[in-house]
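Here is the structure we will look at.
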Amino acid sequence: MRSVTRGRSTHQAVQAEATEVRLLSAVTQLLNTGEPFTAISVQRIIDEAGVSRATFYAHFAGKSDILARLSAQLRESLLALARQWDPATGEDGADRFTRFFEEVIAVHRNHRNLITAIHEVAAYDPEVSNFYTADLEGFDEHVLETLLAEQDAGSTSQDVDAVAASRIIVWGGGQAIARHISVDDGNGDASFARELARIWWYGAYRRPAE
């Protein structure tokens with residue numbers, strides 16, 4: 001016989017997850033109107049989600065908490081791309097990195113309003129700031145590992161300072177992508193991805209131009 005307590009617990013967990021999804025979706029919808037995150041009140045969030053104030057605070061400590069959760073989801077999607085990233089052995093690295101950066105730019109463009117909100121709040125909220133930088137830190141570590149591996153394999157010159165190179169291309173690239181999205185309507189994404197890929201491949205990885 002199935003445990004009534006276990007069944008009730010499972011049902012409550014499903015309900016809790018559904019409520020959190022509604023709240024996260026409500027904030028996403030409000031951000032997609034283009035309104036600054038600081039102008040969106042908790043009352044508007046709960047009205048959009050159709051839940052009570054008590055329910056909101058049962059799931060989130062406040063607005064920054066819900067933004068941190070959204071940024072964590074974004075970070076995971078970006079890190080998933082980073083984990084697939086490699087020096088493209090067996091094919092032209094610049095072409096491989098171009099496709100990679102096209103995907104990265106697409107993710108950033110699809111979440112543009114969320115990223116704007118994260119930048120906005122990260123300036124004064126350490127919790128959100130930590131979530132904002134975590135994806136770049138994770139990517140930085142991954143790129144450093146691949147640079148060191150390429151040096152060990154003799155594919156990248158030993159004169160490359162792998163720590164400095166990974167820091168420059170990852171953090172500099174992140175800022176460049178943010179700037180590009182803010183001033184370009186999307187028509188220049190392919191060209192931007194191609195140029196960024198060449199900077200990485202022929203610069204940090206020291207591959208000779210063909």
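Residues in the structure tokens are numbered from 1 in each chain, the chains being A, B, ... in the order shown, and ligands are numbered from 1 in the order shown.
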- Query: Can you tell me, as a PyMOL selection string, what residues are no more than 12 Å from Val143 of chain A when counting only C-alpha atoms, ignoring any on the same chain fewer than 2 positions away?
  - Reply: chain A and resi 79+82-87+136-141+145-150+162-171+200-201+204-205
Please report as JSON lines every residue of segment 72-106 of chain A lying within 12 Å of segment 24-39 of chain A, along with the nearest atom pair and their distance in Å (one decimal), using only C-alpha atoms.
```
{"residue": "A:Ala72", "atom": "CA", "partner": "A:Leu24", "partner_atom": "CA", "distance": 11.8}
{"residue": "A:Gln73", "atom": "CA", "partner": "A:Leu24", "partner_atom": "CA", "distance": 10.5}
{"residue": "A:Leu74", "atom": "CA", "partner": "A:Thr28", "partner_atom": "CA", "distance": 12.0}
```
Please write the residues from the selection above to a file, keeping N, CA, C and O atoms, as an mmCIF file, in the first residue's frame.
```
data_model
loop_
_atom_site.group_PDB
_atom_site.id
_atom_site.type_symbol
_atom_site.label_atom_id
_atom_site.label_comp_id
_atom_site.auth_asym_id
_atom_site.auth_seq_id
_atom_site.Cartn_x
_atom_site.Cartn_y
_atom_site.Cartn_z
ATOM 1 N N ALA A 72 21.223 32.058 -12.182
ATOM 2 C CA ALA A 72 21.824 30.735 -12.032
ATOM 3 C C ALA A 72 21.403 29.826 -13.182
ATOM 4 O O ALA A 72 22.213 29.046 -13.696
ATOM 5 N N GLN A 73 20.153 29.924 -13.601
ATOM 6 C CA GLN A 73 19.688 29.130 -14.733
ATOM 7 C C GLN A 73 20.420 29.531 -16.015
ATOM 8 O O GLN A 73 20.813 28.679 -16.817
ATOM 9 N N LEU A 74 20.596 30.838 -16.190
ATOM 10 C CA LEU A 74 21.328 31.330 -17.357
ATOM 11 C C LEU A 74 22.775 30.855 -17.313
ATOM 12 O O LEU A 74 23.334 30.428 -18.323
#
```
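Contact shell of segment 176-185 of chain A at 10 Å (only C-alpha atoms; same-chain neighbours under 2 positions omitted): A:Phe101, A:Val104, A:Ile105, A:Ala106, A:His108, A:Arg109, A:Arg112, A:Ile115, A:Thr116, A:Ile169, A:Val170, A:Trp171, A:Gly172, A:Gly173, A:Gly174, A:Asn187, A:Gly188, A:Asp189, A:Phe192, A:Ala193, A:Leu196.
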- Message: Among chain A, which residues does DSSP mark as helix (DSSP H, G or I) when it is run on the backbone? Keep the chain and numbering as in the structure and answer as JSON, numbers by chain.
- Response: {"A": [4, 5, 6, 7, 8, 9, 10, 11, 12, 13, 14, 15, 16, 17, 18, 19, 20, 21, 22, 23, 24, 25, 26, 27, 28, 29, 30, 31, 37, 38, 39, 42, 43, 44, 45, 46, 47, 48, 49, 53, 54, 55, 56, 57, 58, 59, 63, 64, 65, 66, 67, 68, 69, 70, 71, 72, 73, 74, 75, 76, 77, 78, 79, 80, 81, 82, 83, 84, 93, 94, 95, 96, 97, 98, 99, 100, 101, 102, 103, 104, 105, 106, 107, 108, 109, 110, 112, 113, 114, 115, 116, 117, 118, 119, 120, 121, 122, 126, 127, 128, 129, 130, 131, 132, 133, 134, 135, 136, 137, 138, 139, 140, 141, 142, 143, 144, 145, 146, 147, 148, 149, 150, 151, 152, 153, 162, 163, 164, 165, 166, 167, 168, 169, 170, 171, 172, 173, 174, 175, 176, 177, 178, 179, 180, 181, 182, 183, 189, 190, 191, 192, 193, 194, 195, 196, 197, 198, 199, 200, 201, 202, 203, 204]}
- Do a neighbour search on Arg194 of chain A at 9 Å with only C-alpha atoms, toss out local chain neighbours closer than 6 positions, and write the hits as a PyMOL selection string. chain A and resi 94-95+97-99+101-102
Residues of the last selection are to be written out with C-alpha atoms, as a PDB file, in the first residue's frame.
```pdb
ATOM      1  CA  ALA A  94      38.503  29.403 -36.205  1.00  0.00           C
ATOM      2  CA  ASP A  95      35.419  27.954 -37.891  1.00  0.00           C
ATOM      3  CA  PHE A  97      34.926  28.786 -32.513  1.00  0.00           C
ATOM      4  CA  THR A  98      32.803  30.926 -34.824  1.00  0.00           C
ATOM      5  CA  ARG A  99      29.921  28.481 -34.426  1.00  0.00           C
ATOM      6  CA  PHE A 101      30.391  32.166 -30.335  1.00  0.00           C
ATOM      7  CA  GLU A 102      27.289  32.357 -32.517  1.00  0.00           C
TER       8      GLU A 102
END
```
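Picture a line from atom CA of Val107 of chain A to atom CA of Leu67 of chain A; it runs 17.2 Å.
If you look at atom CA of Glu48 of chain A and atom CA of Asp65 of chain A, they are 17.4 Å away from each other.
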- Message: Neighbouring residues of Thr19 of chain A were defined as those with any atom within 10 Å, considering only C-alpha atoms; residues of the same chain fewer than 6 positions away were excluded. Please report them as number ranges by chain.
- Response: A: 13, 25, 49-51, 55-56, 59
Take the selection from the previous step and output its residues with N, CA, C and O atoms, as a CSV table (one decimal), in the first residue's frame.
```csv
chain,number,residue,atom,x,y,z
A,13,ALA,N,5.7,18.8,-3.1
A,13,ALA,CA,7.0,19.2,-3.8
A,13,ALA,C,6.7,19.6,-5.2
A,13,ALA,O,7.3,20.6,-5.7
A,25,SER,N,8.7,32.8,-14.1
A,25,SER,CA,8.2,33.2,-15.4
A,25,SER,C,7.6,34.6,-15.3
A,25,SER,O,7.7,35.3,-16.3
A,49,ALA,N,2.0,36.6,-11.3
A,49,ALA,CA,2.1,35.1,-11.1
A,49,ALA,C,0.8,34.6,-10.6
A,49,ALA,O,0.6,33.3,-10.6
A,50,GLY,N,0.0,35.4,-10.0
A,50,GLY,CA,-1.3,35.0,-9.4
A,50,GLY,C,-1.1,34.2,-8.1
A,50,GLY,O,-1.8,33.2,-7.9
A,51,VAL,N,-0.2,34.7,-7.3
A,51,VAL,CA,0.0,34.1,-6.0
A,51,VAL,C,-0.1,35.2,-4.9
A,51,VAL,O,-0.1,36.4,-5.2
A,55,THR,N,3.0,33.5,-0.2
A,55,THR,CA,3.5,32.4,-1.0
A,55,THR,C,4.8,32.9,-1.7
A,55,THR,O,5.8,32.1,-1.7
A,56,PHE,N,4.9,34.1,-2.1
A,56,PHE,CA,6.1,34.6,-2.7
A,56,PHE,C,7.3,34.5,-1.7
A,56,PHE,O,8.3,33.9,-2.0
A,59,HIS,N,8.9,31.1,-0.9
A,59,HIS,CA,9.8,30.6,-1.9
A,59,HIS,C,11.0,31.4,-2.1
A,59,HIS,O,12.1,30.9,-2.4
```
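For the pair atom CA of Ala68 of chain A and atom CA of Glu17 of chain A, the separation is 16.5 Å.
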